[in-house]
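*Asks:* Enclosed is the structure file protein-v5.pdb (PDB, C-alpha atoms).
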MODEL        1
ATOM      1  CA  MET F   1      16.752 105.332-164.708  1.00  0.00           C
ATOM      2  CA  ALA F   2      15.222 104.668-161.281  1.00  0.00           C
ATOM      3  CA  GLU F   3      15.037 108.430-160.651  1.00  0.00           C
ATOM      4  CA  GLN F   4      13.068 108.903-163.868  1.00  0.00           C
ATOM      5  CA  GLU F   5      10.587 106.163-162.879  1.00  0.00           C
ATOM      6  CA  GLU F   6      10.186 107.753-159.454  1.00  0.00           C
ATOM      7  CA  TYR F   7       9.622 111.150-161.049  1.00  0.00           C
ATOM      8  CA  ASP F   8       7.076 109.699-163.503  1.00  0.00           C
ATOM      9  CA  ASN F   9       5.267 107.910-160.672  1.00  0.00           C
ATOM     10  CA  LEU F  10       5.139 111.102-158.605  1.00  0.00           C
ATOM     11  CA  ALA F  11       3.794 113.047-161.587  1.00  0.00           C
ATOM     12  CA  TYR F  12       1.145 110.365-162.159  1.00  0.00           C
ATOM     13  CA  VAL F  13       0.049 110.461-158.509  1.00  0.00           C
ATOM     14  CA  GLN F  14      -0.120 114.261-158.628  1.00  0.00           C
ATOM     15  CA  ARG F  15      -2.353 114.114-161.737  1.00  0.00           C
ATOM     16  CA  LEU F  16      -4.628 111.605-159.995  1.00  0.00           C
ATOM     17  CA  LYS F  17      -4.829 113.802-156.898  1.00  0.00           C
ATOM     18  CA  ALA F  18      -5.645 116.818-159.065  1.00  0.00           C
ATOM     19  CA  ALA F  19      -8.440 114.881-160.786  1.00  0.00           C
ATOM     20  CA  VAL F  20      -9.889 113.783-157.427  1.00  0.00           C
ATOM     21  CA  HIS F  21      -9.629 117.342-156.109  1.00  0.00           C
ATOM     22  CA  TYR F  22     -11.429 118.679-159.173  1.00  0.00           C
ATOM     23  CA  SER F  23     -14.215 116.093-158.876  1.00  0.00           C
ATOM     24  CA  VAL F  24     -14.672 116.699-155.158  1.00  0.00           C
ATOM     25  CA  GLY F  25     -14.765 120.435-155.847  1.00  0.00           C
ATOM     26  CA  GLN F  26     -17.469 119.954-158.471  1.00  0.00           C
ATOM     27  CA  ILE F  27     -19.555 117.824-156.112  1.00  0.00           C
ATOM     28  CA  CYS F  28     -19.140 120.344-153.278  1.00  0.00           C
ATOM     29  CA  GLU F  29     -20.189 123.137-155.630  1.00  0.00           C
ATOM     30  CA  GLU F  30     -23.344 121.245-156.656  1.00  0.00           C
ATOM     31  CA  LEU F  31     -24.195 120.470-153.043  1.00  0.00           C
ATOM     32  CA  SER F  32     -23.584 124.052-151.951  1.00  0.00           C
ATOM     33  CA  GLN F  33     -26.151 125.244-154.493  1.00  0.00           C
ATOM     34  CA  GLU F  34     -28.654 122.521-153.574  1.00  0.00           C
ATOM     35  CA  LEU F  35     -28.325 122.936-149.819  1.00  0.00           C
ATOM     36  CA  ASP F  36     -27.540 126.659-149.751  1.00  0.00           C
ATOM     37  CA  VAL F  37     -24.329 126.155-147.760  1.00  0.00           C
ATOM     38  CA  THR F  38     -20.742 127.174-148.388  1.00  0.00           C
ATOM     39  CA  PHE F  39     -17.725 124.853-148.331  1.00  0.00           C
ATOM     40  CA  SER F  40     -14.329 126.406-147.645  1.00  0.00           C
ATOM     41  CA  ARG F  41     -11.320 125.685-149.842  1.00  0.00           C
ATOM     42  CA  GLN F  42      -9.646 124.003-146.866  1.00  0.00           C
ATOM     43  CA  PHE F  43     -12.621 121.688-146.412  1.00  0.00           C
ATOM     44  CA  THR F  44     -12.557 120.752-150.083  1.00  0.00           C
ATOM     45  CA  ALA F  45      -8.803 120.105-149.932  1.00  0.00           C
ATOM     46  CA  VAL F  46      -9.084 117.928-146.821  1.00  0.00           C
ATOM     47  CA  LEU F  47     -12.044 116.016-148.238  1.00  0.00           C
ATOM     48  CA  SER F  48     -10.115 115.473-151.481  1.00  0.00           C
ATOM     49  CA  GLU F  49      -7.088 114.125-149.638  1.00  0.00           C
ATOM     50  CA  ALA F  50      -9.233 111.829-147.479  1.00  0.00           C
ATOM     51  CA  THR F  51     -11.049 110.585-150.587  1.00  0.00           C
ATOM     52  CA  PHE F  52      -7.754 109.880-152.357  1.00  0.00           C
ATOM     53  CA  LYS F  53      -6.378 107.956-149.358  1.00  0.00           C
ATOM     54  CA  GLN F  54      -9.607 105.957-149.001  1.00  0.00           C
ATOM     55  CA  CYS F  55      -9.504 105.035-152.687  1.00  0.00           C
ATOM     56  CA  ALA F  56      -5.916 103.844-152.259  1.00  0.00           C
ATOM     57  CA  ILE F  57      -7.005 101.678-149.323  1.00  0.00           C
ATOM     58  CA  PHE F  58      -9.895 100.296-151.382  1.00  0.00           C
ATOM     59  CA  ALA F  59      -7.555  99.464-154.265  1.00  0.00           C
ATOM     60  CA  THR F  60      -5.159  97.620-151.951  1.00  0.00           C
ATOM     61  CA  ASP F  61      -8.024  95.722-150.302  1.00  0.00           C
ATOM     62  CA  LEU F  62      -9.450  94.702-153.677  1.00  0.00           C
ATOM     63  CA  GLU F  63      -6.044  93.441-154.797  1.00  0.00           C
ATOM     64  CA  HIS F  64      -5.721  91.418-151.596  1.00  0.00           C
ATOM     65  CA  PHE F  65      -9.198  89.916-151.957  1.00  0.00           C
ATOM     66  CA  ALA F  66      -8.380  88.784-155.492  1.00  0.00           C
ATOM     67  CA  GLN F  67      -5.010  87.372-154.413  1.00  0.00           C
ATOM     68  CA  HIS F  68      -6.679  85.515-151.559  1.00  0.00           C
ATOM     69  CA  GLY F  69      -8.992  83.954-154.129  1.00  0.00           C
ATOM     70  CA  ARG F  70      -5.920  82.980-156.182  1.00  0.00           C
ATOM     71  CA  ARG F  71      -6.982  85.311-158.971  1.00  0.00           C
ATOM     72  CA  SER F  72      -5.127  88.034-160.813  1.00  0.00           C
ATOM     73  CA  VAL F  73      -8.307  89.898-161.780  1.00  0.00           C
ATOM     74  CA  ILE F  74     -10.634  91.735-159.399  1.00  0.00           C
ATOM     75  CA  ASN F  75     -14.254  90.667-159.846  1.00  0.00           C
ATOM     76  CA  ALA F  76     -17.689  91.714-158.598  1.00  0.00           C
ATOM     77  CA  ASP F  77     -17.463  89.441-155.555  1.00  0.00           C
ATOM     78  CA  ASP F  78     -14.364  91.332-154.409  1.00  0.00           C
ATOM     79  CA  VAL F  79     -16.241  94.623-154.703  1.00  0.00           C
ATOM     80  CA  LYS F  80     -19.182  93.185-152.751  1.00  0.00           C
ATOM     81  CA  LEU F  81     -16.781  92.026-150.054  1.00  0.00           C
ATOM     82  CA  LEU F  82     -15.246  95.501-149.885  1.00  0.00           C
ATOM     83  CA  ALA F  83     -18.655  97.136-149.452  1.00  0.00           C
ATOM     84  CA  ARG F  84     -19.901  94.740-146.782  1.00  0.00           C
ATOM     85  CA  ARG F  85     -19.414  97.247-143.923  1.00  0.00           C
ATOM     86  CA  SER F  86     -21.745  99.811-145.448  1.00  0.00           C
ATOM     87  CA  ALA F  87     -25.236  98.348-145.770  1.00  0.00           C
ATOM     88  CA  PRO F  88     -26.554 100.981-148.227  1.00  0.00           C
ATOM     89  CA  LEU F  89     -23.447 100.716-150.406  1.00  0.00           C
ATOM     90  CA  ALA F  90     -23.536  96.912-150.326  1.00  0.00           C
ATOM     91  CA  LYS F  91     -27.217  96.941-151.345  1.00  0.00           C
ATOM     92  CA  HIS F  92     -26.513  99.389-154.183  1.00  0.00           C
ATOM     93  CA  ILE F  93     -23.642  97.252-155.477  1.00  0.00           C
ATOM     94  CA  ARG F  94     -25.731  94.064-155.262  1.00  0.00           C
ATOM     95  CA  ASP F  95     -28.534  95.783-157.188  1.00  0.00           C
ATOM     96  CA  LEU F  96     -26.106  96.991-159.857  1.00  0.00           C
ATOM     97  CA  ASN F  97     -24.604  93.521-160.128  1.00  0.00           C
ATOM     98  CA  GLU F  98     -28.038  91.898-160.504  1.00  0.00           C
ATOM     99  CA  GLN F  99     -28.983  94.436-163.173  1.00  0.00           C
ATOM    100  CA  GLN F 100     -25.750  93.763-165.044  1.00  0.00           C
ATOM    101  CA  ASN F 101     -26.319  89.998-164.839  1.00  0.00           C
ATOM    102  CA  GLN F 102     -29.834  90.392-166.230  1.00  0.00           C
ATOM    103  CA  GLU F 103     -28.531  92.527-169.089  1.00  0.00           C
ATOM    104  CA  ASN F 104     -25.837  89.951-169.829  1.00  0.00           C
ATOM    105  CA  GLU F 105     -28.425  87.156-169.905  1.00  0.00           C
ATOM    106  CA  ALA F 106     -30.649  89.174-172.229  1.00  0.00           C
ATOM    107  CA  GLU F 107     -27.687  89.791-174.537  1.00  0.00           C
ATOM    108  CA  LYS F 108     -26.878  86.070-174.567  1.00  0.00           C
ATOM    109  CA  GLU F 109     -30.459  85.282-175.519  1.00  0.00           C
ATOM    110  CA  ARG F 110     -30.388  87.847-178.351  1.00  0.00           C
ATOM    111  CA  ARG F 111     -27.154  86.380-179.705  1.00  0.00           C
ATOM    112  CA  LYS F 112     -28.518  82.859-179.403  1.00  0.00           C
ATOM    113  CA  SER F 113     -31.707  83.748-181.287  1.00  0.00           C
ATOM    114  CA  LYS F 114     -29.681  85.483-184.014  1.00  0.00           C
ATOM    115  CA  LYS F 115     -27.594  82.334-184.483  1.00  0.00           C
ATOM    116  CA  VAL F 116     -30.719  80.195-184.717  1.00  0.00           C
ATOM    117  CA  LYS F 117     -32.244  82.552-187.311  1.00  0.00           C
ATOM    118  CA  LYS F 118     -29.005  82.591-189.323  1.00  0.00           C
ATOM    119  CA  ALA F 119     -28.749  78.819-189.211  1.00  0.00           C
ATOM    120  CA  SER F 120     -32.360  78.375-190.327  1.00  0.00           C
ATOM    121  CA  LYS F 121     -31.876  80.850-193.205  1.00  0.00           C
ATOM    122  CA  SER F 122     -28.686  79.151-194.385  1.00  0.00           C
ATOM    123  CA  SER F 123     -30.272  75.696-194.222  1.00  0.00           C
ATOM    124  CA  ALA F 124     -33.344  76.958-196.142  1.00  0.00           C
ATOM    125  CA  VAL F 125     -31.083  78.308-198.881  1.00  0.00           C
ATOM    126  CA  ASP F 126     -29.199  75.001-199.215  1.00  0.00           C
TER     127      ASP F 126
ENDMDL
END
If you convert what's in this file into structure tokens, what do you get?
*Replies:*
Amino acid sequence: MAEQEEYDNLAYVQRLKAAVHYSVGQICEELSQELDVTFSRQFTAVLSEATFKQCAIFATDLEHFAQHGRRSVINADDVKLLARRSAPLAKHIRDLNEQQNQENEAEKERRKSKKVKKASKSSAVD
């Protein structure tokens, strides 16, 4: 049974690596056309592997940040903390978070106004 789990885990990791490799290859292809440069297959493979390892490190760090906060769910503050070393990335994440908060507030207001309209219609009917 343990061998089957190990095999399944290995297969899952291989599928993830293949997906990362494909995505990195697509990005390299787009950039090669934009910048009129050529990326070798070895470069793409090394960049894919480095990207996969960095994502694994990010995932572990995010889990640790949440655990440190005595939470079982990773939240936006954990992501902000992860991005703190890269000023442009941190700014981009803060901007995205602010935009999401504004959209959430707008949605709350729409729901609140719908409830008020429904309540006024039902009380007018009574």
*Asks:* Near range 6-14 of chain F, counting all atoms listed in the file, which residues have an atom at most 12 Å away, once you skip same-chain residues fewer than 5 positions from it, shown as a compact mmCIF listing (two decimals) with C-alpha atoms, in the coordinates of the input?
*Replies:*
# COMPACT_ATOMS: atom_id res chain seq x y z
CA MET F 1 16.75 105.33 -164.71
CA ALA F 19 -8.44 114.88 -160.79
CA VAL F 20 -9.89 113.78 -157.43
CA HIS F 21 -9.63 117.34 -156.11
CA GLU F 49 -7.09 114.12 -149.64
CA PHE F 52 -7.75 109.88 -152.36
CA LYS F 53 -6.38 107.96 -149.36
CA ALA F 56 -5.92 103.84 -152.26
*Asks:* Skip Leu47 in chain F itself and residues of its chain fewer than 3 positions away, then list as a PyMOL selection string all residues within 12 Å of it, counting all atoms listed in the file.
*Replies:* chain F and resi 17+20-25+27-28+39-44+50-54
*Asks:* Compare F:Leu62, F:Gln99, F:Asp36, F:Ala18 by their minimum atom-to-atom distance to Ala83 in chain F, counting all atoms listed in the file, and give me the closest one.
*Replies:*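 Of F:Leu62, F:Gln99, F:Asp36, F:Ala18, the one nearest Ala83 in chain F is F:Leu62, counting all atoms listed in the file.
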*Asks:* Could you tell me how far CA of Ile74 in chain F sits from CA of Lys112 in chain F, in Å to one decimal place?
*Replies:*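 Separating CA of Lys112 in chain F from CA of Ile74 in chain F is a distance of 28.3 Å.
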*Asks:* When you draw a straight line from CA of Leu96 in chain F to CA of Ser72 in chain F, how long is it in Å?
*Replies:*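 Computing it gives 22.8 Å between the two atoms.
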*Asks:* Using all atoms listed in the file, can you tell me which of F:Arg15, F:Arg110, F:His92, F:Lys117 comes closest to Val79 in chain F?
*Replies:* F:His92
*Asks:* Find the distance between CA of Gln26 in chain F and CA of Glu63 in chain F and write it in Å to one decimal.
*Replies:* 29.1 Å
*Asks:* Quick one: residues within 9 Å of Ile93 in chain F, all atoms listed in the file counted, chain neighbours fewer than 3 positions away excluded, as an MDAnalysis selection string?
*Replies:* chainID F and resid 76 79:80 83 88:90 96:98
*Asks:* Selection from above, C-alpha atoms, as a compact mmCIF listing (two decimals), in the coordinates of the input, can you write it?
*Replies:*
# COMPACT_ATOMS: atom_id res chain seq x y z
CA ALA F 76 -17.69 91.71 -158.60
CA VAL F 79 -16.24 94.62 -154.70
CA LYS F 80 -19.18 93.18 -152.75
CA ALA F 83 -18.66 97.14 -149.45
CA PRO F 88 -26.55 100.98 -148.23
CA LEU F 89 -23.45 100.72 -150.41
CA ALA F 90 -23.54 96.91 -150.33
CA LEU F 96 -26.11 96.99 -159.86
CA ASN F 97 -24.60 93.52 -160.13
CA GLU F 98 -28.04 91.90 -160.50
*Asks:* For range 21-107 of chain F in the structure I just supplied, write out C-alpha atoms - as a PDB file, in the first residue's frame.
*Replies:*
ATOM      1  CA  HIS F  21       7.824  22.898 -18.128  1.00  0.00           C
ATOM      2  CA  TYR F  22       5.072  23.436 -20.689  1.00  0.00           C
ATOM      3  CA  SER F  23       4.167  26.849 -19.250  1.00  0.00           C
ATOM      4  CA  VAL F  24       7.785  27.980 -19.091  1.00  0.00           C
ATOM      5  CA  GLY F  25       8.242  26.795 -22.672  1.00  0.00           C
ATOM      6  CA  GLN F  26       5.227  28.813 -23.797  1.00  0.00           C
ATOM      7  CA  ILE F  27       6.504  31.936 -22.045  1.00  0.00           C
ATOM      8  CA  CYS F  28       9.992  31.482 -23.523  1.00  0.00           C
ATOM      9  CA  GLU F  29       8.459  31.064 -26.973  1.00  0.00           C
ATOM     10  CA  GLU F  30       6.460  34.297 -26.604  1.00  0.00           C
ATOM     11  CA  LEU F  31       9.507  36.176 -25.354  1.00  0.00           C
ATOM     12  CA  SER F  32      11.701  34.812 -28.133  1.00  0.00           C
ATOM     13  CA  GLN F  33       9.285  36.226 -30.708  1.00  0.00           C
ATOM     14  CA  GLU F  34       8.966  39.566 -28.901  1.00  0.00           C
ATOM     15  CA  LEU F  35      12.679  40.035 -28.284  1.00  0.00           C
ATOM     16  CA  ASP F  36      13.974  38.224 -31.369  1.00  0.00           C
ATOM     17  CA  VAL F  37      16.173  35.878 -29.321  1.00  0.00           C
ATOM     18  CA  THR F  38      16.415  32.109 -29.135  1.00  0.00           C
ATOM     19  CA  PHE F  39      16.216  30.019 -25.959  1.00  0.00           C
ATOM     20  CA  SER F  40      17.828  26.582 -26.017  1.00  0.00           C
ATOM     21  CA  ARG F  41      15.984  23.489 -24.822  1.00  0.00           C
ATOM     22  CA  GLN F  42      18.531  23.148 -22.014  1.00  0.00           C
ATOM     23  CA  PHE F  43      17.827  26.693 -20.851  1.00  0.00           C
ATOM     24  CA  THR F  44      14.095  26.035 -20.838  1.00  0.00           C
ATOM     25  CA  ALA F  45      14.596  22.790 -18.900  1.00  0.00           C
ATOM     26  CA  VAL F  46      16.834  24.437 -16.297  1.00  0.00           C
ATOM     27  CA  LEU F  47      14.490  27.402 -15.932  1.00  0.00           C
ATOM     28  CA  SER F  48      11.554  25.005 -15.521  1.00  0.00           C
ATOM     29  CA  GLU F  49      13.332  23.044 -12.807  1.00  0.00           C
ATOM     30  CA  ALA F  50      14.362  26.223 -10.972  1.00  0.00           C
ATOM     31  CA  THR F  51      10.793  27.529 -11.207  1.00  0.00           C
ATOM     32  CA  PHE F  52       9.398  24.267  -9.827  1.00  0.00           C
ATOM     33  CA  LYS F  53      11.850  24.280  -6.898  1.00  0.00           C
ATOM     34  CA  GLN F  54      11.112  27.943  -6.134  1.00  0.00           C
ATOM     35  CA  CYS F  55       7.376  27.241  -6.123  1.00  0.00           C
ATOM     36  CA  ALA F  56       7.951  24.377  -3.686  1.00  0.00           C
ATOM     37  CA  ILE F  57       9.909  26.727  -1.417  1.00  0.00           C
ATOM     38  CA  PHE F  58       7.127  29.317  -1.657  1.00  0.00           C
ATOM     39  CA  ALA F  59       4.505  26.711  -0.756  1.00  0.00           C
ATOM     40  CA  THR F  60       6.486  25.593   2.296  1.00  0.00           C
ATOM     41  CA  ASP F  61       7.049  29.198   3.399  1.00  0.00           C
ATOM     42  CA  LEU F  62       3.352  30.013   3.035  1.00  0.00           C
ATOM     43  CA  GLU F  63       2.419  26.969   5.111  1.00  0.00           C
ATOM     44  CA  HIS F  64       4.877  28.032   7.808  1.00  0.00           C
ATOM     45  CA  PHE F  65       3.575  31.607   7.867  1.00  0.00           C
ATOM     46  CA  ALA F  66       0.024  30.341   8.353  1.00  0.00           C
ATOM     47  CA  GLN F  67       1.113  27.900  11.066  1.00  0.00           C
ATOM     48  CA  HIS F  68       3.001  30.675  12.833  1.00  0.00           C
ATOM     49  CA  GLY F  69      -0.230  32.662  12.838  1.00  0.00           C
ATOM     50  CA  ARG F  70      -2.005  29.619  14.317  1.00  0.00           C
ATOM     51  CA  ARG F  71      -4.091  29.247  11.179  1.00  0.00           C
ATOM     52  CA  SER F  72      -4.738  26.285   8.929  1.00  0.00           C
ATOM     53  CA  VAL F  73      -5.558  28.445   5.897  1.00  0.00           C
ATOM     54  CA  ILE F  74      -3.105  30.621   3.973  1.00  0.00           C
ATOM     55  CA  ASN F  75      -4.380  34.179   3.568  1.00  0.00           C
ATOM     56  CA  ALA F  76      -3.395  37.343   1.706  1.00  0.00           C
ATOM     57  CA  ASP F  77      -1.175  38.533   4.558  1.00  0.00           C
ATOM     58  CA  ASP F  78       0.928  35.381   4.198  1.00  0.00           C
ATOM     59  CA  VAL F  79       1.362  36.073   0.486  1.00  0.00           C
ATOM     60  CA  LYS F  80       2.338  39.684   1.216  1.00  0.00           C
ATOM     61  CA  LEU F  81       4.885  38.451   3.740  1.00  0.00           C
ATOM     62  CA  LEU F  82       6.313  36.042   1.165  1.00  0.00           C
ATOM     63  CA  ALA F  83       6.709  38.814  -1.410  1.00  0.00           C
ATOM     64  CA  ARG F  84       8.325  41.313   0.950  1.00  0.00           C
ATOM     65  CA  ARG F  85      11.842  40.804  -0.484  1.00  0.00           C
ATOM     66  CA  SER F  86      10.831  41.837  -3.983  1.00  0.00           C
ATOM     67  CA  ALA F  87       9.574  45.421  -3.956  1.00  0.00           C
ATOM     68  CA  PRO F  88       7.855  45.275  -7.380  1.00  0.00           C
ATOM     69  CA  LEU F  89       6.178  41.960  -6.560  1.00  0.00           C
ATOM     70  CA  ALA F  90       5.100  43.187  -3.122  1.00  0.00           C
ATOM     71  CA  LYS F  91       3.607  46.340  -4.678  1.00  0.00           C
ATOM     72  CA  HIS F  92       1.769  44.287  -7.315  1.00  0.00           C
ATOM     73  CA  ILE F  93       0.332  41.956  -4.673  1.00  0.00           C
ATOM     74  CA  ARG F  94      -0.730  44.882  -2.464  1.00  0.00           C
ATOM     75  CA  ASP F  95      -2.442  46.507  -5.455  1.00  0.00           C
ATOM     76  CA  LEU F  96      -4.238  43.266  -6.323  1.00  0.00           C
ATOM     77  CA  ASN F  97      -5.313  42.840  -2.714  1.00  0.00           C
ATOM     78  CA  GLU F  98      -6.659  46.406  -2.533  1.00  0.00           C
ATOM     79  CA  GLN F  99      -8.553  45.893  -5.791  1.00  0.00           C
ATOM     80  CA  GLN F 100     -10.043  42.655  -4.484  1.00  0.00           C
ATOM     81  CA  ASN F 101     -11.062  44.345  -1.222  1.00  0.00           C
ATOM     82  CA  GLN F 102     -12.772  47.147  -3.137  1.00  0.00           C
ATOM     83  CA  GLU F 103     -14.635  44.628  -5.285  1.00  0.00           C
ATOM     84  CA  ASN F 104     -15.708  42.722  -2.177  1.00  0.00           C
ATOM     85  CA  GLU F 105     -17.000  45.924  -0.567  1.00  0.00           C
ATOM     86  CA  ALA F 106     -18.913  46.830  -3.720  1.00  0.00           C
ATOM     87  CA  GLU F 107     -20.467  43.357  -3.781  1.00  0.00           C
TER      88      GLU F 107
END
